[in-house]
>>> print(open('data-v1.txt').read())   # compact mmCIF, C-alpha atoms
# COMPACT_ATOMS: atom_id res chain seq x y z
CA MET A 1344 -24.72 -3.69 39.53
CA GLN A 1345 -27.33 -4.79 37.00
CA VAL A 1346 -27.15 -2.81 33.76
CA ASP A 1347 -30.30 -2.37 31.70
CA PRO A 1348 -29.74 -3.44 28.09
CA ALA A 1349 -29.87 -0.75 25.41
CA PRO A 1350 -32.81 -0.99 22.97
CA SER A 1351 -32.32 -1.54 19.25
CA LEU A 1352 -32.99 1.55 17.14
CA ALA A 1353 -32.72 -0.17 13.74
CA TYR A 1354 -32.17 -3.68 12.41
CA VAL A 1355 -30.91 -5.05 9.09
CA ASP A 1356 -30.62 -8.65 7.89
CA THR A 1357 -27.24 -8.64 6.11
CA LEU A 1358 -28.03 -12.02 4.43
CA TYR A 1359 -24.39 -13.05 4.55
CA SER A 1360 -22.75 -13.51 7.96
CA ALA A 1361 -21.56 -10.14 9.27
CA ASP A 1362 -18.23 -9.61 11.03
CA SER A 1363 -16.95 -6.03 10.59
CA ILE A 1364 -18.35 -2.52 11.17
CA GLU A 1365 -16.56 0.79 10.47
CA TRP A 1366 -18.00 4.32 10.70
CA CYS A 1367 -16.44 6.95 8.46
CA PRO A 1368 -14.50 9.40 10.68
CA PHE A 1369 -14.45 12.45 8.41
CA GLU A 1370 -16.67 15.48 8.85
CA GLY A 1371 -19.40 15.54 6.24
CA TYR A 1372 -19.32 11.73 5.96
CA GLN A 1373 -19.89 10.71 9.57
CA ASN A 1374 -23.36 9.39 8.77
CA ILE A 1375 -21.76 6.71 6.54
CA PHE A 1376 -20.59 3.29 7.71
CA VAL A 1377 -19.67 -0.02 6.14
CA CYS A 1378 -20.44 -3.60 7.12
CA GLY A 1379 -18.25 -6.46 5.91
CA THR A 1380 -19.67 -9.98 5.47
CA TYR A 1381 -18.25 -13.47 5.09
CA GLN A 1382 -19.94 -16.57 3.67
CA ILE A 1383 -18.65 -20.02 2.76
CA VAL A 1384 -20.37 -21.52 -0.29
CA LYS A 1385 -19.90 -25.10 -1.51
CA GLN A 1386 -20.53 -26.26 -5.02
CA GLU A 1387 -24.32 -26.32 -5.53
CA GLU A 1388 -25.00 -25.86 -1.83
CA ALA A 1389 -24.59 -23.38 0.98
CA VAL A 1390 -23.10 -24.51 4.27
CA ASP A 1391 -22.28 -22.95 7.61
CA PRO A 1392 -20.98 -19.45 6.87
CA ARG A 1393 -17.58 -20.02 8.46
CA SER A 1394 -15.85 -23.18 9.53
CA GLU A 1395 -15.18 -23.26 13.24
CA ASN A 1396 -11.44 -23.14 12.57
CA ASP A 1397 -11.79 -19.83 10.72
CA LYS A 1398 -12.81 -17.92 13.84
CA GLY A 1399 -11.47 -20.16 16.57
CA ASP A 1400 -14.75 -21.65 17.89
CA GLU A 1401 -14.90 -24.93 19.74
CA GLY A 1402 -14.87 -27.26 16.72
CA ALA A 1403 -17.08 -28.90 14.16
CA SER A 1404 -20.23 -30.75 15.20
CA GLU A 1405 -20.83 -34.41 14.36
CA SER A 1406 -23.17 -33.38 11.55
CA ASP A 1407 -20.43 -31.16 10.13
CA GLU A 1408 -18.05 -34.11 10.17
CA GLU A 1409 -20.57 -36.22 8.29
CA VAL A 1410 -20.90 -33.57 5.60
CA GLU A 1411 -17.12 -33.47 5.19
CA ALA A 1412 -16.73 -37.27 5.15
CA GLY A 1413 -17.18 -37.82 1.41
CA PRO A 1414 -15.04 -36.56 -1.45
CA SER A 1415 -14.10 -32.95 -0.80
CA LYS A 1416 -16.06 -30.37 -2.73
CA PRO A 1417 -14.58 -27.06 -3.78
CA THR A 1418 -15.51 -24.22 -1.45
CA GLU A 1419 -15.51 -20.52 -2.02
CA ARG A 1420 -15.42 -17.77 0.55
CA VAL A 1421 -17.55 -14.91 -0.72
CA GLY A 1422 -18.55 -11.62 0.83
CA ARG A 1423 -20.31 -8.34 0.38
CA LEU A 1424 -19.27 -4.86 1.38
CA LEU A 1425 -22.43 -3.05 2.46
CA VAL A 1426 -22.49 0.75 2.67
CA PHE A 1427 -25.12 2.44 4.85
CA ARG A 1428 -26.24 6.01 5.45
CA VAL A 1429 -28.00 7.11 8.64
CA GLY A 1430 -30.73 9.75 8.44
CA GLU A 1431 -30.77 13.02 10.35
CA ASP A 1432 -32.96 11.42 13.00
CA GLN A 1433 -30.09 8.93 13.60
CA VAL A 1434 -32.62 6.11 13.43
CA THR A 1435 -33.48 5.82 9.72
CA LEU A 1436 -31.02 3.51 7.98
CA ASN A 1437 -30.55 3.11 4.22
CA GLU A 1438 -28.27 0.76 2.30
CA ILE A 1439 -26.76 2.92 -0.44
CA GLN A 1440 -24.32 0.44 -2.01
CA ARG A 1441 -23.54 -3.28 -2.15
CA ILE A 1442 -20.23 -4.57 -3.55
CA GLU A 1443 -19.65 -8.27 -4.24
CA THR A 1444 -16.23 -9.29 -2.95
CA ALA A 1445 -14.25 -12.19 -1.59
CA ALA A 1446 -15.15 -12.93 2.03
CA ILE A 1447 -14.29 -9.93 4.23
CA LEU A 1448 -12.47 -10.29 7.54
CA ASP A 1449 -11.66 -6.68 8.42
CA THR A 1450 -12.24 -3.11 7.22
CA LYS A 1451 -10.63 0.18 8.18
CA TRP A 1452 -11.02 3.80 7.05
CA SER A 1453 -7.70 5.52 6.49
CA PRO A 1454 -7.04 8.44 8.85
CA ARG A 1455 -5.99 10.40 5.75
CA LEU A 1456 -8.04 11.57 2.80
CA SER A 1457 -6.99 10.28 -0.62
CA ASN A 1458 -7.22 13.08 -3.20
CA GLY A 1459 -9.78 14.74 -0.95
CA ARG A 1460 -11.85 11.59 -0.54
CA PRO A 1461 -12.31 9.18 2.39
CA SER A 1462 -10.36 5.98 1.75
CA LEU A 1463 -11.29 2.48 2.93
CA ALA A 1464 -9.13 -0.65 3.15
CA VAL A 1465 -10.70 -4.12 3.06
CA ALA A 1466 -8.93 -7.35 4.10
CA ASP A 1467 -10.28 -10.46 2.40
CA ALA A 1468 -10.07 -14.25 2.32
CA LYS A 1469 -8.06 -14.35 -0.92
CA GLY A 1470 -4.95 -12.71 0.49
CA CYS A 1471 -5.76 -9.18 -0.73
CA ILE A 1472 -6.07 -5.68 0.68
CA THR A 1473 -8.40 -3.66 -1.55
CA MET A 1474 -8.42 0.14 -1.39
CA TYR A 1475 -11.62 2.09 -2.10
CA SER A 1476 -12.34 5.82 -2.14
CA LEU A 1477 -15.73 7.40 -1.46
CA ASN A 1478 -16.94 9.53 -4.37
CA PRO A 1479 -18.71 12.51 -2.73
CA GLU A 1480 -20.78 13.33 -5.80
CA VAL A 1481 -22.63 10.01 -5.90
CA MET A 1482 -21.75 8.78 -2.38
CA LYS A 1483 -20.41 5.49 -3.73
CA LEU A 1484 -17.22 3.59 -3.05
CA GLU A 1485 -14.92 3.16 -6.05
CA GLU A 1486 -12.06 0.66 -6.15
CA ASP A 1487 -8.68 2.39 -6.38
CA HIS A 1488 -6.29 -0.54 -6.36
CA ARG A 1489 -5.77 -4.00 -4.95
CA VAL A 1490 -2.68 -5.40 -3.25
CA ALA A 1491 -2.06 -9.14 -3.46
CA VAL A 1492 -0.41 -9.58 -0.08
CA ALA A 1493 -0.43 -13.40 -0.22
CA ASP A 1494 -1.73 -16.27 -2.35
CA GLU A 1495 -5.46 -16.90 -2.75
CA LEU A 1496 -5.47 -19.67 -0.13
CA THR A 1497 -4.22 -17.30 2.58
CA LEU A 1498 -6.61 -15.07 4.51
CA CYS A 1499 -5.86 -11.48 5.49
CA LEU A 1500 -7.26 -11.69 9.01
CA SER A 1501 -6.95 -8.09 10.22
CA LEU A 1502 -5.49 -4.73 9.22
CA ASP A 1503 -4.64 -1.35 10.67
CA PHE A 1504 -3.40 2.05 9.45
CA SER A 1505 -0.55 4.11 10.82
CA HIS A 1506 -0.86 7.87 11.50
CA ARG A 1507 -4.22 7.63 13.27
CA LEU A 1508 -3.03 10.11 15.88
CA HIS A 1509 -1.26 12.53 13.51
CA PRO A 1510 -2.74 12.11 10.02
CA SER A 1511 -1.11 15.34 8.78
CA SER A 1512 2.41 14.02 9.39
CA PRO A 1513 4.53 14.20 6.21
CA SER A 1514 5.74 10.58 6.42
CA PRO A 1515 4.09 7.99 4.12
CA SER A 1516 1.06 6.06 5.30
CA SER A 1517 1.48 2.39 6.22
CA ILE A 1518 -0.76 -0.63 6.69
CA ILE A 1519 -0.09 -3.66 8.85
CA THR A 1520 -2.02 -6.88 8.16
CA SER A 1521 -2.01 -10.34 9.71
CA LEU A 1522 -2.17 -13.49 7.58
CA SER A 1523 -3.61 -16.94 8.29
CA SER A 1524 -0.15 -18.35 7.50
CA GLY A 1525 1.08 -16.89 10.81
CA SER A 1526 2.86 -13.93 9.21
CA LEU A 1527 2.51 -10.17 9.40
CA ALA A 1528 2.89 -7.98 6.30
CA TYR A 1529 3.88 -4.31 6.37
CA LEU A 1530 2.66 -2.18 3.45
CA LYS A 1531 3.82 1.33 2.54
CA SER A 1532 2.11 3.85 0.29
CA GLY A 1533 3.69 5.31 -2.82
CA GLU A 1534 2.66 7.02 -6.04
CA ALA A 1535 1.10 3.79 -7.36
CA GLY A 1536 -0.63 2.95 -4.09
CA TYR A 1537 0.30 0.52 -1.34
CA LYS A 1538 2.83 -2.27 -1.78
CA VAL A 1539 4.31 -4.87 0.54
CA GLU A 1540 7.49 -3.56 2.13
CA SER A 1541 8.23 -6.54 4.39
CA GLU A 1542 6.72 -9.79 5.67
CA TRP A 1543 7.77 -12.00 8.55
CA LYS A 1544 6.69 -15.06 10.49
CA ALA A 1545 5.09 -13.79 13.68
CA HIS A 1546 3.01 -16.56 15.30
CA ASP A 1547 2.81 -20.35 15.35
CA PHE A 1548 -0.93 -20.25 14.66
CA GLU A 1549 -3.36 -17.72 13.18
CA PRO A 1550 -2.54 -14.13 14.24
CA TRP A 1551 -6.13 -12.96 14.66
CA ILE A 1552 -5.14 -9.35 15.23
CA THR A 1553 -2.43 -6.81 14.51
CA SER A 1554 -2.42 -3.07 15.10
CA PHE A 1555 -0.10 -0.10 15.23
CA ASP A 1556 0.80 1.44 18.53
CA ILE A 1557 -1.02 4.71 17.96
CA TRP A 1558 1.71 6.65 19.80
CA ASP A 1559 4.69 5.11 17.95
CA LEU A 1560 4.64 4.62 14.16
CA ASN A 1561 7.48 2.09 14.31
CA THR A 1562 5.74 -0.23 16.78
CA VAL A 1563 3.09 -2.80 15.94
CA TRP A 1564 1.36 -5.32 18.19
CA SER A 1565 0.08 -8.75 17.25
CA GLY A 1566 -1.89 -11.48 18.95
CA GLY A 1567 -2.58 -15.03 17.88
CA ASP A 1568 -4.07 -18.43 18.50
CA ASP A 1569 -0.74 -19.39 20.09
CA CYS A 1570 -1.93 -17.43 23.16
CA LYS A 1571 0.79 -14.81 22.77
CA LEU A 1572 0.84 -11.02 22.62
CA LYS A 1573 3.88 -9.71 20.73
CA ARG A 1574 5.40 -6.31 20.06
CA TRP A 1575 7.46 -5.58 16.94
CA ASP A 1576 9.64 -2.82 15.57
CA VAL A 1577 8.85 -2.60 11.84
CA ARG A 1578 12.44 -1.53 11.13
CA GLU A 1579 13.87 -4.80 12.52
CA THR A 1580 11.41 -7.66 12.39
CA PHE A 1581 13.75 -10.63 12.81
CA ARG A 1582 12.54 -10.98 16.41
CA PRO A 1583 9.82 -9.39 18.59
CA THR A 1584 10.77 -6.72 21.09
CA LEU A 1585 8.42 -8.33 23.63
CA VAL A 1586 6.45 -11.57 24.07
CA ASN A 1587 3.70 -11.98 26.67
CA LYS A 1588 2.69 -15.63 27.11
CA ASN A 1589 0.32 -15.05 30.03
CA PHE A 1590 -2.95 -15.73 28.22
CA GLU A 1591 -5.23 -18.72 28.71
CA ALA A 1592 -6.47 -18.68 25.10
CA GLY A 1593 -5.85 -16.90 21.80
CA VAL A 1594 -5.31 -13.14 21.67
CA THR A 1595 -7.97 -11.60 19.43
CA THR A 1596 -8.03 -7.80 19.73
CA ILE A 1597 -5.52 -5.05 20.58
CA SER A 1598 -6.30 -1.33 20.89
CA SER A 1599 -4.12 1.53 22.06
CA SER A 1600 -5.96 4.52 23.47
CA PRO A 1601 -6.09 7.60 21.21
CA HIS A 1602 -6.34 9.79 24.33
CA THR A 1603 -4.02 8.28 26.95
CA PRO A 1604 -0.39 7.47 26.07
CA HIS A 1605 0.73 3.92 26.95
CA LEU A 1606 -2.83 2.68 27.64
CA LEU A 1607 -3.34 -0.63 25.83
CA ALA A 1608 -6.48 -2.81 25.87
CA VAL A 1609 -6.11 -6.46 24.86
CA GLY A 1610 -8.93 -8.98 24.47
CA SER A 1611 -8.80 -12.76 24.28
CA TYR A 1612 -10.83 -15.89 23.73
CA ASP A 1613 -10.27 -16.44 27.47
CA GLU A 1614 -13.09 -13.89 28.02
CA ASN A 1615 -10.91 -11.27 29.74
CA LEU A 1616 -10.12 -7.71 28.72
CA ARG A 1617 -6.68 -6.81 30.02
CA ILE A 1618 -5.57 -3.22 30.51
CA PHE A 1619 -1.82 -2.75 30.15
CA ASP A 1620 0.73 -0.01 30.48
CA SER A 1621 2.55 -0.53 27.17
CA ARG A 1622 5.85 0.39 28.83
CA SER A 1623 5.57 -2.77 30.93
CA PRO A 1624 3.13 -5.07 29.13
CA LEU A 1625 3.87 -8.37 30.83
CA GLU A 1626 1.48 -7.82 33.74
CA PRO A 1627 -1.90 -6.08 33.29
CA LEU A 1628 -2.94 -3.16 35.44
CA THR A 1629 -6.34 -4.81 35.71
CA THR A 1630 -8.15 -7.79 34.21
CA ILE A 1631 -11.82 -7.37 33.36
CA PRO A 1632 -13.93 -10.54 33.00
CA LEU A 1633 -16.45 -9.79 30.26
CA GLY A 1634 -17.49 -13.30 29.22
CA GLY A 1635 -18.02 -14.73 25.78
CA GLY A 1636 -14.58 -14.17 24.31
CA ILE A 1637 -13.68 -10.68 23.08
CA TRP A 1638 -13.35 -10.22 19.32
CA ARG A 1639 -13.15 -6.42 18.97
CA THR A 1640 -12.36 -3.58 21.37
CA ARG A 1641 -12.83 0.15 20.61
CA PHE A 1642 -11.95 3.19 22.68
CA HIS A 1643 -14.49 6.00 22.42
CA PRO A 1644 -13.34 8.58 19.84
CA SER A 1645 -14.10 11.55 22.14
CA ILE A 1646 -11.63 12.59 24.82
CA ASP A 1647 -14.61 13.44 27.03
CA ARG A 1648 -15.22 9.69 27.26
CA LYS A 1649 -11.61 8.58 27.19
CA GLY A 1650 -12.26 5.77 29.67
CA ASP A 1651 -15.10 4.14 27.70
CA ILE A 1652 -14.38 0.97 25.72
CA LEU A 1653 -16.83 -0.80 23.39
CA ASN A 1654 -16.40 -4.58 23.28
CA ALA A 1655 -17.77 -7.27 20.98
CA CYS A 1656 -17.97 -10.26 23.32
CA MET A 1657 -18.71 -13.06 20.84
CA HIS A 1658 -20.95 -15.43 22.85
CA ASP A 1659 -22.08 -12.68 25.27
CA ASN A 1660 -23.15 -9.83 22.99
CA PHE A 1661 -21.80 -6.26 23.33
CA LYS A 1662 -20.66 -4.37 26.43
CA ILE A 1663 -19.29 -0.92 27.21
CA VAL A 1664 -16.68 -0.80 29.95
CA ARG A 1665 -15.80 2.44 31.73
CA LEU A 1666 -12.34 2.74 33.24
CA ASP A 1667 -12.33 4.65 36.52
CA PRO A 1668 -10.34 7.91 36.75
CA SER A 1669 -8.28 6.25 39.48
CA LEU A 1670 -7.05 3.74 36.92
CA LEU A 1671 -6.50 6.35 34.24
CA SER A 1672 -4.52 8.49 36.66
CA HIS A 1673 -1.81 5.82 36.61
CA PHE A 1674 -0.84 7.12 33.17
CA ASP A 1675 -0.52 10.73 34.32
CA ASP A 1676 2.92 10.00 35.70
CA ASN A 1677 5.45 9.55 32.90
CA ASP A 1678 7.86 7.67 35.16
CA ILE A 1679 8.02 4.11 33.82
CA SER A 1680 8.97 2.86 37.29
CA MET A 1681 5.35 3.42 38.27
CA SER A 1682 4.33 0.62 35.91
CA ILE A 1683 6.73 -2.01 37.22
CA GLY A 1684 5.77 -4.50 39.91
CA GLY A 1685 2.42 -3.76 41.52
CA HIS A 1686 1.58 -0.84 39.24
CA GLY A 1687 1.49 1.84 41.89
CA ASP A 1688 -1.82 2.10 43.73
CA VAL A 1689 -3.99 0.42 41.08
CA ASP A 1690 -6.33 -2.19 42.55
CA ALA A 1691 -6.65 -5.05 40.07
CA LYS A 1692 -10.15 -5.87 41.42
CA SER A 1693 -11.56 -2.41 40.80
CA GLY A 1694 -11.06 0.57 38.53
CA TRP A 1695 -13.81 -0.28 36.04
CA GLU A 1696 -17.51 -0.93 35.57
CA ILE A 1697 -19.84 -2.13 32.83
CA VAL A 1698 -22.08 0.83 32.00
CA LYS A 1699 -24.09 -0.47 29.03
CA GLN A 1700 -24.98 -3.77 27.36
CA PHE A 1701 -26.67 -4.62 24.07
CA GLU A 1702 -28.28 -8.05 23.93
CA ALA A 1703 -30.39 -8.08 20.74
CA HIS A 1704 -27.96 -10.25 18.76
CA ASP A 1705 -28.55 -14.01 18.71
CA SER A 1706 -25.16 -15.15 17.42
CA LEU A 1707 -21.43 -14.45 17.63
CA ALA A 1708 -20.85 -10.75 18.30
CA TYR A 1709 -17.99 -9.73 16.01
CA GLY A 1710 -18.24 -6.18 14.63
CA ALA A 1711 -18.90 -2.90 16.47
CA ASP A 1712 -17.90 0.73 16.18
CA TRP A 1713 -18.77 4.13 17.66
CA SER A 1714 -20.10 6.79 15.30
CA ARG A 1715 -18.74 10.30 15.53
CA LEU A 1716 -22.14 11.91 15.01
CA PRO A 1717 -23.24 14.34 17.73
CA GLY A 1718 -25.71 12.98 20.23
CA ARG A 1719 -29.25 13.18 18.92
CA SER A 1720 -30.25 15.42 21.82
CA ASP A 1721 -28.00 18.09 20.29
CA SER A 1722 -30.11 18.29 17.14
CA ILE A 1723 -33.52 16.99 18.17
CA GLY A 1724 -36.35 18.12 15.90
CA ALA A 1725 -40.11 18.27 15.96
CA GLY A 1726 -40.48 15.01 14.06
CA VAL A 1727 -38.21 12.93 16.29
CA ASP A 1728 -39.61 10.17 18.49
CA ARG A 1729 -38.83 11.45 21.97
CA ASP A 1730 -39.53 8.05 23.51
CA CYS A 1731 -36.30 6.78 21.98
CA PRO A 1732 -33.34 7.35 24.35
CA ALA A 1733 -31.04 10.11 23.14
CA GLU A 1734 -28.25 9.53 25.64
CA GLY A 1735 -24.91 8.33 24.41
CA SER A 1736 -23.21 7.84 21.08
CA LEU A 1737 -24.75 6.02 18.14
CA ILE A 1738 -23.25 2.54 17.73
CA ALA A 1739 -23.50 -0.02 14.94
CA SER A 1740 -22.91 -3.70 15.72
CA CYS A 1741 -23.15 -6.96 13.79
CA SER A 1742 -23.20 -10.68 14.48
CA PHE A 1743 -22.31 -13.73 12.49
CA TYR A 1744 -24.59 -16.73 12.08
CA ASP A 1745 -27.81 -14.72 12.45
CA HIS A 1746 -26.42 -12.20 9.89
CA ALA A 1747 -27.80 -9.30 11.92
CA MET A 1748 -26.85 -5.65 12.21
CA HIS A 1749 -28.27 -3.18 14.73
CA LEU A 1750 -28.06 0.48 15.66
CA TRP A 1751 -28.17 1.40 19.35
CA ARG A 1752 -26.85 3.99 21.79
CA GLY A 1753 -24.22 3.71 24.43
>>> encode(input="data-v1.txt", output="structure tokens")
Amino acid sequence: MQVDPAPSLAYVDTLYSADSIEWCPFEGYQNIFVCGTYQIVKQEEAVDPRSENDKGDEGASESDEEVEAGPSKPTERVGRLLVFRVGEDQVTLNEIQRIETAAILDTKWSPRLSNGRPSLAVADAKGCITMYSLNPEVMKLEEDHRVAVADELTLCLSLDFSHRLHPSSPSPSSIITSLSSGSLAYLKSGEAGYKVESEWKAHDFEPWITSFDIWDLNTVWSGGDDCKLKRWDVRETFRPTLVNKNFEAGVTTISSSPHTPHLLAVGSYDENLRIFDSRSPLEPLTTIPLGGGIWRTRFHPSIDRKGDILNACMHDNFKIVRLDPSLLSHFDDNDISMSIGGHGDVDAKSGWEIVKQFEAHDSLAYGADWSRLPGRSDSIGAGVDRDCPAEGSLIASCSFYDHAMHLWRG
């Protein structure tokens, strides 16, 4: 079935290459989101924003090789953290803050407030996780503290927070981050902020992604350029509790559903989104060919749309996949035997459809996130352009070499 592409509602040139989008989840701040950018700068000249090795593309061109042929010049990875506010019409977009940083690879809002303020973690190309809090009086981010997870030549590639399902739990917050050295680092919060609790070698090549299992605070997942998906127990990290080698290219994104226990979505450079039962994650319930290579995957934050998944498909823009209730019903039975060998009655060739696409980006689709704002049709006013579609959630997305950011609905 042909899906009509969603129109762009707003566009911003981010100047630096854009790779990360995060909407603030807290009530009263849900019209705020951040965009992280990444730029490589050589001495006295600017070059391609990211070497092909940094994001796993096909390789350098001949012209790139010629540029690198002479004496090596010092390079610096720089970035900007851009903070945006969306107007009441959910179309007007204003940049309210710009912070100069090292190149940014990932951003995440903490599921917990810090002293009553939203808290943001930023992973950068100098081995640091920087914590910011949003000052509600001036609506500006303020740096709280910075954690040197690794040396300045090591990139923090991704990060995730624990306690996303139960933020009010009394146990301390944790962060997991993946490093370009192949390691994972586990950070715990204390009175002085976050500090590294443990670090271990996890993958033979870059671990592009790591995330907590949202249903189990002791379990983290990781995926890397070694074409492996791994599961770890943070209490005993000397070996993984599971290794899945059945990928044709690097593993790039891992998301556990906030609505359906054991539902795990895993994306790869091999252009497939795999849906797993985390109790038996060696064989997917279904494999969804999306094209382009999948860099980020996001379940919809509302339980009313628990089967909807937003995907940044690198060379093939952005797509929303809807899992069929017949597939979701597999998880209604808590008997793990249902997920072993054949996966019950799930048909691997069905159980999903692409319900929306966004094709306005002209470069690598990297960052995307759902807002938690109510649909515009719920608060439509006399001054709103009624020709603009009101269906669906507001989404922000960004792409790399064209340094573009868009708002759209899906």
>>> closest_residue(input="data-v1.txt", among="A:Ile1447, A:Lys1538, A:Phe1369, A:Thr1418", to="Ser1462 in chain A", atoms="all atoms listed in the file")
A:Phe1369
>>> atom_distance(input="data-v1.txt", atom1="CA of Leu1606 in chain A", atom2="CA of Thr1580 in chain A")
23.3 Å
>>> closest_residue(input="data-v1.txt", among="A:Leu1484, A:Tyr1744, A:Trp1452, A:Ala1608", to="Ile1383 in chain A", atoms="all atoms listed in the file")
A:Tyr1744
>>> atom_distance(input="data-v1.txt", atom1="CA of Pro1624 in chain A", atom2="CA of Lys1588 in chain A")
10.8 Å
>>> atom_distance(input="data-v1.txt", atom1="CA of Gly1567 in chain A", atom2="CA of Glu1443 in chain A")
28.7 Å
>>> residues_around(input="data-v1.txt", residues="Ile1646 in chain A", least_positions_apart="5", cutoff="10 Å", atoms="all atoms listed in the file", output="PyMOL selection string")
chain A and resi 1600-1603+1651
>>> closest_residue(input="data-v1.txt", among="A:Ala1703, A:Cys1570, A:Leu1716, A:Val1698", to="Asp1745 in chain A", atoms="only C-alpha atoms")
A:Ala1703
>>> closest_atom_pairs(input="data-v1.txt", of="range 1476-1589 of chain A", to="range 1419-1431 of chain A", cutoff="12 Å", atoms="only C-alpha atoms", output="JSON lines")
{"residue": "A:Leu1477", "atom": "CA", "partner": "A:Val1426", "partner_atom": "CA", "distance": 10.3}
{"residue": "A:Met1482", "atom": "CA", "partner": "A:Arg1428", "partner_atom": "CA", "distance": 9.4}
{"residue": "A:Lys1483", "atom": "CA", "partner": "A:Val1426", "partner_atom": "CA", "distance": 8.2}
{"residue": "A:Leu1484", "atom": "CA", "partner": "A:Val1426", "partner_atom": "CA", "distance": 8.3}
{"residue": "A:Glu1485", "atom": "CA", "partner": "A:Leu1424", "partner_atom": "CA", "distance": 11.8}
{"residue": "A:Glu1486", "atom": "CA", "partner": "A:Leu1424", "partner_atom": "CA", "distance": 11.8}
{"residue": "A:Glu1495", "atom": "CA", "partner": "A:Arg1420", "partner_atom": "CA", "distance": 10.5}
{"residue": "A:Leu1496", "atom": "CA", "partner": "A:Arg1420", "partner_atom": "CA", "distance": 10.2}
{"residue": "A:Thr1497", "atom": "CA", "partner": "A:Arg1420", "partner_atom": "CA", "distance": 11.4}
{"residue": "A:Leu1498", "atom": "CA", "partner": "A:Arg1420", "partner_atom": "CA", "distance": 10.0}
>>> closest_residue(input="data-v1.txt", among="A:Glu1480, A:Glu1549, A:Glu1614, A:Glu1626", to="Val1586 in chain A", atoms="all atoms listed in the file")
A:Glu1626
>>> residues_around(input="data-v1.txt", residues="range 1664-1675 of chain A", least_positions_apart="6", cutoff="8 Å", atoms="only C-alpha atoms", output="list in words")
Thr1603, Pro1604, His1605, Leu1606, Asp1620, Gly1650, Asp1651, Ile1652, Leu1653, Asn1654, Met1681, His1686, Gly1687, Val1689, Gly1694, Trp1695, Glu1696, Ile1697, Val1698 and Lys1699 of chain A
>>> residues_around(input="data-v1.txt", residues="Phe1743 in chain A", least_positions_apart="2", cutoff="10 Å", atoms="only C-alpha atoms", output="count of residues only")
24
>>> closest_residue(input="data-v1.txt", among="A:Ile1557, A:Pro1461, A:Thr1450, A:Ser1524", to="Gln1373 in chain A", atoms="all atoms listed in the file")
A:Pro1461
>>> closest_residue(input="data-v1.txt", among="A:Asp1467, A:Asp1547, A:Glu1438, A:Asp1559", to="Gly1525 in chain A", atoms="only C-alpha atoms")
A:Asp1547
>>> axis_aligned_box(input="data-v1.txt", around="range 1353-1368 of chain A", padding_each_side="3 Å", output="lines of an AutoDock Vina configuration file")
center_x = -23.6
center_y = -2.1
center_z = 9.1
size_x = 24.2
size_y = 28.9
size_z = 15.3
